[in-house]
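A short worksheet on the structure shown next.
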Amino acid sequence: MTRVWFIVFIGFAGTACLLSLGKWQIDRLHWKTDLLGKIDQKITEVPVILPARPNEDDHKYLSVEILGQYTGESIRVLASRKHYGAGYRIISVFQTNQRRLLVDQGFVRLENTYDVSLAGGISLVGNLHWPDEVDTFTPIPDLKNNIWFARDVERMASFLRTEPVLLILKDSSHKDKNITPMPIDTSHIPNDHLQYAFTWFSLAIIWALMSCLFVWTTRRKRL
């Protein structure tokens with residue numbers, strides 16, 4: 001009889017633990033959905049002027065509009081795009097009111113050329129961003145061939161002598177037919193908590209059923 005009660009205890013404890021993990025994932029789902037909604041709202045807000053000292057904590061995803069010109073300096077960040085294949089993100093230097101900033105103009109195919117116009121009076125609309133793309137496995141930039149493997153804002157800014165501020169281009173008064181803007185959105189932020197919750201709840205049901213089956217077979221053997 002002691003063995004049966006021990007199995008019952010393990011069954012209840014395991015089921016309760018798995019259900020609590022599923023509930024935690026549901027809570028995380030609500031939190032992430034609310035967070036993504038706030039980010040989407042920030043991305044689509046009416047553009048404002050560029051802050052004097054942008055920082056990641058206060059201004060990430062902020063929609064801004066700037067007026068100035070490209071300096072002709074740029075770097076290429078290796079990237080890929082669905083339906084297009086491999087290519088580069090073009091990160092260019094933009095000068096506005098004596099300030100030098102980084103602008104992610106968008107995607108260009110490997111075989112295509114691009115032109116960073118030196119004409120003045122260009123208006124840009126986009127969102128400030130500090131991508132987290134660098135880890136211990138990221139190769140160092142190939143400066144000889146001007147190929148980078150991640151958007152490292154601090155390092156790119158140091159190399160191009162700009163402020164550590166990156167604008168992801170959404171719209172521009174000057175367009176290059178070979179460069180396709182890649183506006184920032186929330187599609188890159190994972191939100192898989194519903195699937196995780198389903199997994200934990202499914203395991204809880206299986207655990208409970210297996211525990212009941214084990215108790216039933218154990219009692220039958222005793223009869």
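Starting from 1 in every chain, residues are counted up; chains themselves are A, B, ... following the order of the structure tokens, and ligands are numbered from 1 as listed.
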Which residues, written as a JSON list (two decimals) with N, CA and C atoms, in the first residue's frame, have at least one atom at most 10 Å from Thr15 (chain A), with only C-alpha atoms counted and residues fewer than 4 positions away on the same chain left out?
[["chain", "number", "residue", "atom", "x", "y", "z"],
["A", 9, "PHE", "N", 1.73, 10.12, -4.95],
["A", 9, "PHE", "CA", 2.42, 11.37, -4.60],
["A", 9, "PHE", "C", 3.29, 11.86, -5.77],
["A", 10, "ILE", "N", 4.06, 10.94, -6.35],
["A", 10, "ILE", "CA", 4.91, 11.31, -7.49],
["A", 10, "ILE", "C", 4.07, 11.79, -8.67],
["A", 11, "GLY", "N", 2.93, 11.12, -8.86],
["A", 11, "GLY", "CA", 2.04, 11.51, -9.96],
["A", 11, "GLY", "C", 1.50, 12.91, -9.79],
["A", 19, "LEU", "N", 2.26, 21.44, -14.82],
["A", 19, "LEU", "CA", 1.20, 22.44, -15.02],
["A", 19, "LEU", "C", 1.69, 23.85, -14.66],
["A", 20, "SER", "N", 2.52, 23.93, -13.60],
["A", 20, "SER", "CA", 3.05, 25.25, -13.21],
["A", 20, "SER", "C", 3.98, 25.80, -14.28],
["A", 21, "LEU", "N", 4.74, 24.92, -14.92],
["A", 21, "LEU", "CA", 5.62, 25.37, -16.01],
["A", 21, "LEU", "C", 4.79, 25.86, -17.20],
["A", 200, "TRP", "N", 4.31, 21.75, -22.24],
["A", 200, "TRP", "CA", 4.27, 21.44, -20.81],
["A", 200, "TRP", "C", 2.92, 20.88, -20.40],
["A", 201, "PHE", "N", 1.82, 21.45, -20.92],
["A", 201, "PHE", "CA", 0.49, 20.93, -20.58],
["A", 201, "PHE", "C", 0.29, 19.52, -21.11],
["A", 203, "LEU", "N", 2.68, 17.29, -21.57],
["A", 203, "LEU", "CA", 3.48, 16.42, -20.70],
["A", 203, "LEU", "C", 2.77, 16.19, -19.36],
["A", 204, "ALA", "N", 2.07, 17.22, -18.87],
["A", 204, "ALA", "CA", 1.33, 17.06, -17.61],
["A", 204, "ALA", "C", 0.22, 16.02, -17.76],
["A", 205, "ILE", "N", -0.49, 16.08, -18.89],
["A", 205, "ILE", "CA", -1.56, 15.10, -19.13],
["A", 205, "ILE", "C", -0.98, 13.70, -19.25],
["A", 206, "ILE", "N", 0.10, 13.56, -19.99],
["A", 206, "ILE", "CA", 0.74, 12.25, -20.16],
["A", 206, "ILE", "C", 1.23, 11.72, -18.82],
["A", 207, "TRP", "N", 1.86, 12.60, -18.02],
["A", 207, "TRP", "CA", 2.37, 12.20, -16.71],
["A", 207, "TRP", "C", 1.23, 11.72, -15.81],
["A", 208, "ALA", "N", 0.11, 12.46, -15.82],
["A", 208, "ALA", "CA", -1.04, 12.09, -14.99],
["A", 208, "ALA", "C", -1.62, 10.75, -15.43],
["A", 209, "LEU", "N", -1.77, 10.57, -16.75],
["A", 209, "LEU", "CA", -2.33, 9.32, -17.26],
["A", 209, "LEU", "C", -1.42, 8.14, -16.97],
["A", 211, "SER", "N", 0.70, 7.90, -14.54],
["A", 211, "SER", "CA", 0.68, 7.65, -13.09],
["A", 211, "SER", "C", -0.57, 6.86, -12.71]]
List every residue of region 9-213 of chain A that DSSP, applied to the backbone of this structure, places in strand (DSSP E), and write the result as a VMD selection string.
chain A and resid 63 to 81 85 to 96 99 to 109 122 to 129 147 to 148 166 to 172
CA of Ala157 (chain A) to CA of Arg89 (chain A) measures 15.4 Å
**Prompt:** Which residues, written as a list in words, have at least one atom at most 12 Å from His174 (chain A), with only C-alpha atoms counted and residues fewer than 6 positions away on the same chain left out?
**Reply:** Leu67, Gly68, Gln69, Tyr70, Gln105, Asp115, Val116, Ser117, Leu118, Ala119, Gly120, Gly121, Ile122, Ser123, Leu124, Val125 and Pro181 of chain A
Restricted to all heavy atoms, what would the selected residues look like written as a compact mmCIF listing (two decimals), in the first residue's frame?
# COMPACT_ATOMS: atom_id res chain seq x y z
N LEU A 67 17.71 65.22 -41.83
CA LEU A 67 17.98 65.85 -43.12
C LEU A 67 19.47 66.10 -43.24
O LEU A 67 20.10 66.59 -42.30
CB LEU A 67 17.23 67.17 -43.25
CG LEU A 67 17.42 67.96 -44.55
CD1 LEU A 67 16.82 67.19 -45.72
CD2 LEU A 67 16.79 69.35 -44.42
N GLY A 68 20.06 65.72 -44.36
CA GLY A 68 21.50 65.91 -44.54
C GLY A 68 21.98 65.26 -45.81
O GLY A 68 21.28 65.26 -46.82
N GLN A 69 23.18 64.66 -45.75
CA GLN A 69 23.71 64.01 -46.93
C GLN A 69 24.63 62.85 -46.55
O GLN A 69 25.21 62.83 -45.46
CB GLN A 69 24.49 64.99 -47.79
CG GLN A 69 25.81 65.46 -47.18
CD GLN A 69 26.58 66.36 -48.13
OE1 GLN A 69 26.03 67.34 -48.63
NE2 GLN A 69 27.83 66.01 -48.37
N TYR A 70 24.73 61.89 -47.46
CA TYR A 70 25.69 60.80 -47.29
C TYR A 70 27.09 61.33 -47.60
O TYR A 70 27.27 62.20 -48.44
CB TYR A 70 25.36 59.64 -48.23
CG TYR A 70 24.10 58.89 -47.87
CD1 TYR A 70 22.94 59.01 -48.65
CD2 TYR A 70 24.05 58.06 -46.76
CE1 TYR A 70 21.78 58.33 -48.32
CE2 TYR A 70 22.90 57.37 -46.42
CZ TYR A 70 21.77 57.51 -47.20
OH TYR A 70 20.62 56.83 -46.87
N GLN A 105 21.05 51.33 -44.94
CA GLN A 105 20.23 51.65 -46.10
C GLN A 105 19.38 50.49 -46.58
O GLN A 105 18.37 50.68 -47.26
CB GLN A 105 21.11 52.13 -47.25
CG GLN A 105 21.75 53.48 -47.01
CD GLN A 105 22.47 53.98 -48.25
OE1 GLN A 105 23.69 53.87 -48.35
NE2 GLN A 105 21.73 54.50 -49.20
N ASP A 115 25.09 52.93 -55.25
CA ASP A 115 25.65 54.27 -55.28
C ASP A 115 25.15 55.05 -54.08
O ASP A 115 23.94 55.19 -53.88
CB ASP A 115 25.23 54.99 -56.57
CG ASP A 115 25.66 56.46 -56.57
OD1 ASP A 115 26.81 56.72 -56.18
OD2 ASP A 115 24.84 57.30 -56.96
N VAL A 116 26.09 55.52 -53.26
CA VAL A 116 25.74 56.37 -52.13
C VAL A 116 25.88 57.81 -52.58
O VAL A 116 26.98 58.34 -52.70
CB VAL A 116 26.63 56.10 -50.90
CG1 VAL A 116 26.23 57.00 -49.75
CG2 VAL A 116 26.55 54.63 -50.49
N SER A 117 24.75 58.43 -52.91
CA SER A 117 24.77 59.77 -53.47
C SER A 117 25.39 60.78 -52.50
O SER A 117 25.18 60.71 -51.28
CB SER A 117 23.35 60.21 -53.82
OG SER A 117 23.32 61.54 -54.26
N LEU A 118 26.18 61.72 -53.06
CA LEU A 118 26.78 62.77 -52.25
C LEU A 118 25.95 64.04 -52.28
O LEU A 118 26.36 65.07 -51.73
CB LEU A 118 28.20 63.06 -52.75
CG LEU A 118 29.17 61.88 -52.72
CD1 LEU A 118 30.54 62.32 -53.23
CD2 LEU A 118 29.29 61.33 -51.31
N ALA A 119 24.80 63.99 -52.93
CA ALA A 119 23.95 65.17 -53.01
C ALA A 119 23.41 65.53 -51.63
O ALA A 119 23.17 64.66 -50.78
CB ALA A 119 22.80 64.92 -53.98
N GLY A 120 23.21 66.82 -51.40
CA GLY A 120 22.68 67.27 -50.12
C GLY A 120 21.17 67.33 -50.11
O GLY A 120 20.50 67.07 -51.10
N GLY A 121 20.64 67.67 -48.93
CA GLY A 121 19.20 67.83 -48.81
C GLY A 121 18.41 66.54 -48.85
O GLY A 121 17.25 66.53 -49.25
N ILE A 122 19.03 65.42 -48.46
CA ILE A 122 18.33 64.13 -48.45
C ILE A 122 17.60 63.98 -47.12
O ILE A 122 18.17 64.18 -46.05
CB ILE A 122 19.32 62.97 -48.65
CG1 ILE A 122 20.02 63.09 -50.00
CG2 ILE A 122 18.61 61.63 -48.53
CD1 ILE A 122 21.10 62.04 -50.22
N SER A 123 16.34 63.60 -47.21
CA SER A 123 15.52 63.38 -46.01
C SER A 123 15.38 61.88 -45.76
O SER A 123 15.03 61.12 -46.68
CB SER A 123 14.14 64.00 -46.19
OG SER A 123 13.29 63.68 -45.10
N LEU A 124 15.67 61.46 -44.53
CA LEU A 124 15.57 60.05 -44.16
C LEU A 124 14.58 59.88 -43.01
O LEU A 124 14.52 60.70 -42.09
CB LEU A 124 16.92 59.51 -43.70
CG LEU A 124 18.13 59.64 -44.63
CD1 LEU A 124 19.34 58.99 -43.99
CD2 LEU A 124 17.85 59.05 -45.99
N VAL A 125 13.81 58.81 -43.07
CA VAL A 125 12.92 58.41 -41.98
C VAL A 125 13.24 56.97 -41.62
O VAL A 125 13.36 56.11 -42.50
CB VAL A 125 11.43 58.53 -42.38
CG1 VAL A 125 10.54 57.99 -41.26
CG2 VAL A 125 11.08 59.97 -42.70
N PRO A 181 15.37 48.80 -48.90
CA PRO A 181 15.31 49.04 -47.46
C PRO A 181 14.74 47.84 -46.71
O PRO A 181 13.85 47.14 -47.21
CB PRO A 181 14.39 50.27 -47.34
CG PRO A 181 14.52 50.95 -48.67
CD PRO A 181 14.67 49.84 -49.68
Report as a compact mmCIF listing (two decimals) with all heavy atoms, in the first residue's frame: the residues of region 66-221 of chain A with a DSSP assignment of helix (DSSP H, G or I), based on the backbone of this structure.
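part38.txt, freshly written:
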# COMPACT_ATOMS: atom_id res chain seq x y z
N VAL A 153 27.46 48.09 -33.66
CA VAL A 153 27.34 49.54 -33.73
C VAL A 153 28.57 50.25 -33.20
O VAL A 153 29.10 51.18 -33.84
CB VAL A 153 26.08 50.02 -32.98
CG1 VAL A 153 26.02 51.55 -32.94
CG2 VAL A 153 24.82 49.47 -33.64
N GLU A 154 29.06 49.83 -32.06
CA GLU A 154 30.23 50.49 -31.46
C GLU A 154 31.44 50.37 -32.37
O GLU A 154 32.17 51.35 -32.60
CB GLU A 154 30.53 49.88 -30.09
CG GLU A 154 29.51 50.19 -29.01
CD GLU A 154 29.59 51.63 -28.53
OE1 GLU A 154 30.63 52.28 -28.77
OE2 GLU A 154 28.63 52.10 -27.91
N ARG A 155 31.67 49.19 -32.89
CA ARG A 155 32.85 48.96 -33.72
C ARG A 155 32.73 49.67 -35.07
O ARG A 155 33.69 50.25 -35.58
CB ARG A 155 33.08 47.47 -33.92
CG ARG A 155 34.42 47.13 -34.53
CD ARG A 155 34.73 45.66 -34.38
NE ARG A 155 36.09 45.36 -34.79
CZ ARG A 155 36.68 44.19 -34.61
NH1 ARG A 155 36.03 43.20 -34.00
NH2 ARG A 155 37.92 43.99 -35.01
N MET A 156 31.54 49.63 -35.67
CA MET A 156 31.34 50.31 -36.94
C MET A 156 31.51 51.82 -36.78
O MET A 156 32.09 52.49 -37.64
CB MET A 156 29.94 49.99 -37.50
CG MET A 156 29.75 48.55 -37.94
SD MET A 156 28.19 48.26 -38.84
CE MET A 156 26.98 48.79 -37.64
N ALA A 157 30.98 52.34 -35.68
CA ALA A 157 31.09 53.77 -35.43
C ALA A 157 32.55 54.18 -35.24
O ALA A 157 32.98 55.23 -35.73
CB ALA A 157 30.27 54.15 -34.20
N SER A 158 33.31 53.36 -34.54
CA SER A 158 34.73 53.66 -34.35
C SER A 158 35.48 53.62 -35.68
O SER A 158 36.33 54.48 -35.95
CB SER A 158 35.34 52.65 -33.37
OG SER A 158 36.72 52.85 -33.21
N PHE A 159 35.16 52.64 -36.52
CA PHE A 159 35.85 52.49 -37.80
C PHE A 159 35.51 53.64 -38.75
O PHE A 159 36.39 54.15 -39.46
CB PHE A 159 35.45 51.15 -38.43
CG PHE A 159 36.08 50.89 -39.77
CD1 PHE A 159 37.42 50.56 -39.86
CD2 PHE A 159 35.33 50.97 -40.93
CE1 PHE A 159 38.02 50.32 -41.10
CE2 PHE A 159 35.91 50.73 -42.17
CZ PHE A 159 37.26 50.40 -42.24
N LEU A 160 34.26 54.07 -38.76
CA LEU A 160 33.83 55.13 -39.68
C LEU A 160 33.82 56.52 -39.03
O LEU A 160 33.42 57.49 -39.68
CB LEU A 160 32.43 54.80 -40.22
CG LEU A 160 32.36 53.59 -41.16
CD1 LEU A 160 30.90 53.26 -41.50
CD2 LEU A 160 33.15 53.82 -42.43
N HIS A 193 6.12 31.16 -26.80
CA HIS A 193 5.66 30.71 -25.48
C HIS A 193 4.38 29.87 -25.55
O HIS A 193 4.17 29.00 -24.70
CB HIS A 193 5.45 31.92 -24.57
CG HIS A 193 6.71 32.68 -24.31
ND1 HIS A 193 7.77 32.16 -23.59
CD2 HIS A 193 7.12 33.92 -24.71
CE1 HIS A 193 8.74 33.04 -23.53
NE2 HIS A 193 8.38 34.11 -24.20
N LEU A 194 3.54 30.10 -26.56
CA LEU A 194 2.33 29.28 -26.68
C LEU A 194 2.68 27.83 -26.98
O LEU A 194 2.10 26.91 -26.40
CB LEU A 194 1.42 29.85 -27.78
CG LEU A 194 0.08 29.13 -27.98
CD1 LEU A 194 -0.74 29.21 -26.69
CD2 LEU A 194 -0.70 29.74 -29.15
N GLN A 195 3.66 27.63 -27.87
CA GLN A 195 4.10 26.27 -28.18
C GLN A 195 4.73 25.61 -26.95
O GLN A 195 4.50 24.43 -26.68
CB GLN A 195 5.12 26.28 -29.32
CG GLN A 195 4.55 26.71 -30.67
CD GLN A 195 4.71 28.19 -30.92
OE1 GLN A 195 4.42 29.01 -30.06
NE2 GLN A 195 5.19 28.54 -32.11
N TYR A 196 5.51 26.39 -26.20
CA TYR A 196 6.13 25.84 -24.98
C TYR A 196 5.05 25.46 -23.97
O TYR A 196 5.14 24.41 -23.31
CB TYR A 196 7.07 26.86 -24.37
CG TYR A 196 8.26 27.23 -25.23
CD1 TYR A 196 8.87 28.48 -25.12
CD2 TYR A 196 8.77 26.33 -26.16
CE1 TYR A 196 9.97 28.82 -25.91
CE2 TYR A 196 9.86 26.66 -26.95
CZ TYR A 196 10.45 27.91 -26.82
OH TYR A 196 11.53 28.24 -27.60
N ALA A 197 4.03 26.32 -23.83
CA ALA A 197 2.95 26.03 -22.89
C ALA A 197 2.22 24.76 -23.30
O ALA A 197 1.90 23.90 -22.45
CB ALA A 197 1.98 27.21 -22.84
N PHE A 198 1.95 24.61 -24.59
CA PHE A 198 1.28 23.41 -25.09
C PHE A 198 2.10 22.16 -24.76
O PHE A 198 1.56 21.12 -24.37
CB PHE A 198 1.06 23.52 -26.60
CG PHE A 198 0.41 22.32 -27.22
CD1 PHE A 198 -0.95 22.11 -27.11
CD2 PHE A 198 1.19 21.38 -27.90
CE1 PHE A 198 -1.54 20.99 -27.67
CE2 PHE A 198 0.61 20.25 -28.46
CZ PHE A 198 -0.77 20.06 -28.35
N THR A 199 3.42 22.27 -24.91
CA THR A 199 4.30 21.13 -24.62
C THR A 199 4.21 20.74 -23.14
O THR A 199 4.06 19.55 -22.81
CB THR A 199 5.75 21.48 -24.97
OG1 THR A 199 5.84 21.76 -26.37
CG2 THR A 199 6.69 20.32 -24.63
N TRP A 200 4.31 21.75 -22.24
CA TRP A 200 4.27 21.44 -20.81
C TRP A 200 2.92 20.88 -20.40
O TRP A 200 2.85 19.92 -19.61
CB TRP A 200 4.59 22.69 -20.00
CG TRP A 200 6.02 23.12 -20.05
CD1 TRP A 200 6.51 24.33 -20.48
CD2 TRP A 200 7.17 22.35 -19.67
NE1 TRP A 200 7.87 24.35 -20.40
CE2 TRP A 200 8.32 23.16 -19.90
CE3 TRP A 200 7.35 21.07 -19.16
CZ2 TRP A 200 9.61 22.72 -19.64
CZ3 TRP A 200 8.65 20.62 -18.89
CH2 TRP A 200 9.75 21.44 -19.13
N PHE A 201 1.82 21.45 -20.92
CA PHE A 201 0.49 20.93 -20.58
C PHE A 201 0.29 19.52 -21.11
O PHE A 201 -0.33 18.67 -20.45
CB PHE A 201 -0.60 21.87 -21.11
CG PHE A 201 -0.72 23.16 -20.36
CD1 PHE A 201 -0.92 24.35 -21.02
CD2 PHE A 201 -0.64 23.18 -18.97
CE1 PHE A 201 -1.03 25.55 -20.32
CE2 PHE A 201 -0.75 24.37 -18.26
CZ PHE A 201 -0.94 25.55 -18.94
N SER A 202 0.83 19.26 -22.30
CA SER A 202 0.73 17.90 -22.87
C SER A 202 1.50 16.91 -22.00
O SER A 202 1.02 15.79 -21.74
CB SER A 202 1.28 17.89 -24.30
OG SER A 202 0.52 18.72 -25.14
N LEU A 203 2.68 17.29 -21.57
CA LEU A 203 3.48 16.42 -20.70
C LEU A 203 2.77 16.19 -19.36
O LEU A 203 2.84 15.09 -18.80
CB LEU A 203 4.85 17.04 -20.47
CG LEU A 203 5.81 17.02 -21.67
CD1 LEU A 203 7.09 17.79 -21.36
CD2 LEU A 203 6.15 15.59 -22.07
N ALA A 204 2.07 17.22 -18.87
CA ALA A 204 1.33 17.06 -17.61
C ALA A 204 0.22 16.02 -17.76
O ALA A 204 0.02 15.19 -16.87
CB ALA A 204 0.74 18.41 -17.18
N ILE A 205 -0.49 16.08 -18.89
CA ILE A 205 -1.56 15.10 -19.13
C ILE A 205 -0.98 13.70 -19.25
O ILE A 205 -1.52 12.73 -18.66
CB ILE A 205 -2.33 15.48 -20.41
CG1 ILE A 205 -3.09 16.80 -20.21
CG2 ILE A 205 -3.30 14.37 -20.80
CD1 ILE A 205 -3.73 17.34 -21.48
N ILE A 206 0.10 13.56 -19.99
CA ILE A 206 0.74 12.25 -20.16
C ILE A 206 1.23 11.72 -18.82
O ILE A 206 1.04 10.53 -18.50
CB ILE A 206 1.90 12.36 -21.17
CG1 ILE A 206 1.37 12.68 -22.56
CG2 ILE A 206 2.72 11.07 -21.19
CD1 ILE A 206 2.45 13.00 -23.57
N TRP A 207 1.86 12.60 -18.02
CA TRP A 207 2.37 12.20 -16.71
C TRP A 207 1.23 11.72 -15.81
O TRP A 207 1.36 10.69 -15.13
CB TRP A 207 3.10 13.37 -16.06
CG TRP A 207 3.81 13.03 -14.78
CD1 TRP A 207 3.24 12.90 -13.53
CD2 TRP A 207 5.19 12.75 -14.61
NE1 TRP A 207 4.19 12.59 -12.59
CE2 TRP A 207 5.40 12.49 -13.22
CE3 TRP A 207 6.28 12.73 -15.46
CZ2 TRP A 207 6.65 12.20 -12.70
CZ3 TRP A 207 7.53 12.44 -14.94
CH2 TRP A 207 7.72 12.17 -13.58
N ALA A 208 0.11 12.46 -15.82
CA ALA A 208 -1.04 12.09 -14.99
C ALA A 208 -1.62 10.75 -15.43
O ALA A 208 -1.94 9.88 -14.60
CB ALA A 208 -2.09 13.19 -15.05
N LEU A 209 -1.77 10.57 -16.75
CA LEU A 209 -2.33 9.32 -17.26
C LEU A 209 -1.42 8.14 -16.97
O LEU A 209 -1.89 7.05 -16.57
CB LEU A 209 -2.58 9.44 -18.77
CG LEU A 209 -3.70 10.39 -19.19
CD1 LEU A 209 -3.76 10.49 -20.71
CD2 LEU A 209 -5.04 9.92 -18.64
N MET A 210 -0.12 8.32 -17.14
CA MET A 210 0.83 7.23 -16.87
C MET A 210 0.85 6.89 -15.38
O MET A 210 0.96 5.71 -15.00
CB MET A 210 2.23 7.63 -17.34
CG MET A 210 2.37 7.76 -18.86
SD MET A 210 2.00 6.21 -19.72
CE MET A 210 3.35 5.17 -19.15
N SER A 211 0.70 7.90 -14.54
CA SER A 211 0.68 7.65 -13.09
C SER A 211 -0.57 6.86 -12.71
O SER A 211 -0.50 5.90 -11.92
CB SER A 211 0.70 8.98 -12.33
OG SER A 211 1.91 9.69 -12.58
N CYS A 212 -1.71 7.24 -13.30
CA CYS A 212 -2.95 6.51 -13.03
C CYS A 212 -2.85 5.06 -13.51
O CYS A 212 -3.29 4.12 -12.83
CB CYS A 212 -4.13 7.19 -13.71
SG CYS A 212 -4.57 8.79 -12.98
N LEU A 213 -2.26 4.89 -14.69
CA LEU A 213 -2.09 3.54 -15.23
C LEU A 213 -1.18 2.71 -14.35
O LEU A 213 -1.44 1.52 -14.10
CB LEU A 213 -1.52 3.63 -16.65
CG LEU A 213 -1.26 2.29 -17.36
CD1 LEU A 213 -2.58 1.51 -17.52
CD2 LEU A 213 -0.61 2.51 -18.71
N PHE A 214 -0.10 3.34 -13.84
CA PHE A 214 0.83 2.62 -13.00
C PHE A 214 0.17 2.21 -11.68
O PHE A 214 0.37 1.09 -11.18
CB PHE A 214 2.05 3.51 -12.73
CG PHE A 214 3.26 2.75 -12.30
CD1 PHE A 214 3.58 1.53 -12.87
CD2 PHE A 214 4.10 3.26 -11.32
CE1 PHE A 214 4.70 0.82 -12.48
CE2 PHE A 214 5.22 2.58 -10.91
CZ PHE A 214 5.53 1.34 -11.50
N VAL A 215 -0.64 3.10 -11.11
CA VAL A 215 -1.36 2.77 -9.87
C VAL A 215 -2.34 1.64 -10.12
O VAL A 215 -2.45 0.70 -9.32
CB VAL A 215 -2.10 4.02 -9.34
CG1 VAL A 215 -3.06 3.63 -8.21
CG2 VAL A 215 -1.09 5.06 -8.86
N TRP A 216 -3.06 1.71 -11.24
CA TRP A 216 -4.05 0.68 -11.56
C TRP A 216 -3.41 -0.69 -11.74
O TRP A 216 -3.89 -1.69 -11.19
CB TRP A 216 -4.79 1.10 -12.83
CG TRP A 216 -5.86 0.13 -13.24
CD1 TRP A 216 -7.07 -0.09 -12.63
CD2 TRP A 216 -5.80 -0.78 -14.34
NE1 TRP A 216 -7.78 -1.05 -13.29
CE2 TRP A 216 -7.01 -1.52 -14.35
CE3 TRP A 216 -4.85 -1.05 -15.32
CZ2 TRP A 216 -7.29 -2.49 -15.30
CZ3 TRP A 216 -5.14 -2.02 -16.27
CH2 TRP A 216 -6.34 -2.72 -16.26
N THR A 217 -2.30 -0.75 -12.48
CA THR A 217 -1.63 -2.04 -12.70
C THR A 217 -1.02 -2.56 -11.41
O THR A 217 -1.02 -3.79 -11.16
CB THR A 217 -0.52 -1.89 -13.76
OG1 THR A 217 0.38 -0.85 -13.39
CG2 THR A 217 -1.11 -1.58 -15.10
N THR A 218 -0.52 -1.68 -10.56
CA THR A 218 0.06 -2.10 -9.30
C THR A 218 -1.00 -2.69 -8.38
O THR A 218 -0.79 -3.74 -7.73
CB THR A 218 0.73 -0.91 -8.58
OG1 THR A 218 1.76 -0.38 -9.43
CG2 THR A 218 1.35 -1.33 -7.26
N ARG A 219 -2.17 -2.04 -8.32
CA ARG A 219 -3.27 -2.56 -7.50
C ARG A 219 -3.78 -3.89 -8.04
O ARG A 219 -4.14 -4.78 -7.27
CB ARG A 219 -4.40 -1.53 -7.44
CG ARG A 219 -4.08 -0.31 -6.56
CD ARG A 219 -5.23 0.69 -6.57
NE ARG A 219 -6.45 0.08 -6.06
CZ ARG A 219 -6.76 -0.01 -4.76
NH1 ARG A 219 -5.90 0.48 -3.85
NH2 ARG A 219 -7.88 -0.54 -4.38
N ARG A 220 -3.83 -4.04 -9.36
CA ARG A 220 -4.31 -5.30 -9.94
C ARG A 220 -3.39 -6.45 -9.58
O ARG A 220 -3.84 -7.58 -9.34
CB ARG A 220 -4.40 -5.16 -11.46
CG ARG A 220 -5.62 -4.37 -11.93
CD ARG A 220 -5.97 -4.70 -13.34
NE ARG A 220 -6.32 -6.12 -13.49
CZ ARG A 220 -6.64 -6.70 -14.65
NH1 ARG A 220 -6.63 -5.98 -15.76
NH2 ARG A 220 -6.96 -7.96 -14.72
N LYS A 221 -2.09 -6.20 -9.55
CA LYS A 221 -1.12 -7.24 -9.22
C LYS A 221 -1.28 -7.69 -7.77
O LYS A 221 -0.97 -8.83 -7.43
CB LYS A 221 0.29 -6.74 -9.45
CG LYS A 221 0.65 -6.58 -10.92
CD LYS A 221 2.06 -6.07 -11.09
CE LYS A 221 2.41 -5.89 -12.55
NZ LYS A 221 3.78 -5.36 -12.75
Judged by only C-alpha atoms, the minimum distance to Asp152 (chain A) among A:Asp104, A:Glu111, A:Asp176, A:Asp171 is found for A:Asp104
Write out as a PyMOL selection string each polymer residue whose atoms come within 9 Å of region 133-137 of chain A, counting only C-alpha atoms; drop sequence neighbours fewer than 4 positions from it.
-> chain A and resi 149-152
Based on the selection just made, write C-alpha atoms of those residues as a compact mmCIF listing (two decimals), in the first residue's frame.
# COMPACT_ATOMS: atom_id res chain seq x y z
CA PHE A 149 29.68 39.72 -40.43
CA ALA A 150 27.46 41.52 -37.92
CA ARG A 151 26.14 44.99 -37.21
CA ASP A 152 28.37 45.92 -34.29
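Of the residues listed (A:His59, A:His30, A:Arg76, A:Lys42), A:Arg76 shows the shortest atom-to-atom separation from Asp142 (chain A); distances use only C-alpha atoms.
Distances from A:Glu163, A:Asp40, A:Asp57, A:Asp34 to Ser187 (chain A) were compared using only C-alpha atoms, and the smallest one belongs to A:Asp40.
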One decimal place gives the CA of Ser173 (chain A)-CA of Asn145 (chain A) separation as 29.5 Å
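Remark: for Lys38 (chain A), the closest of the candidate residues A:Ile26, A:Thr113, A:Ala86, A:Leu62 is A:Leu62 (distances computed over only C-alpha atoms).
Excluding Lys82 (chain A) itself and same-chain residues fewer than 4 positions from it, the residues having an atom within 12 Å of it are Ala86, Gly87, Phe107, Arg109 and Met182 of chain A, counting only C-alpha atoms.
Taking CA of Leu128 (chain A) and CA of Leu101 (chain A) as endpoints, the distance between them is 10.6 Å.
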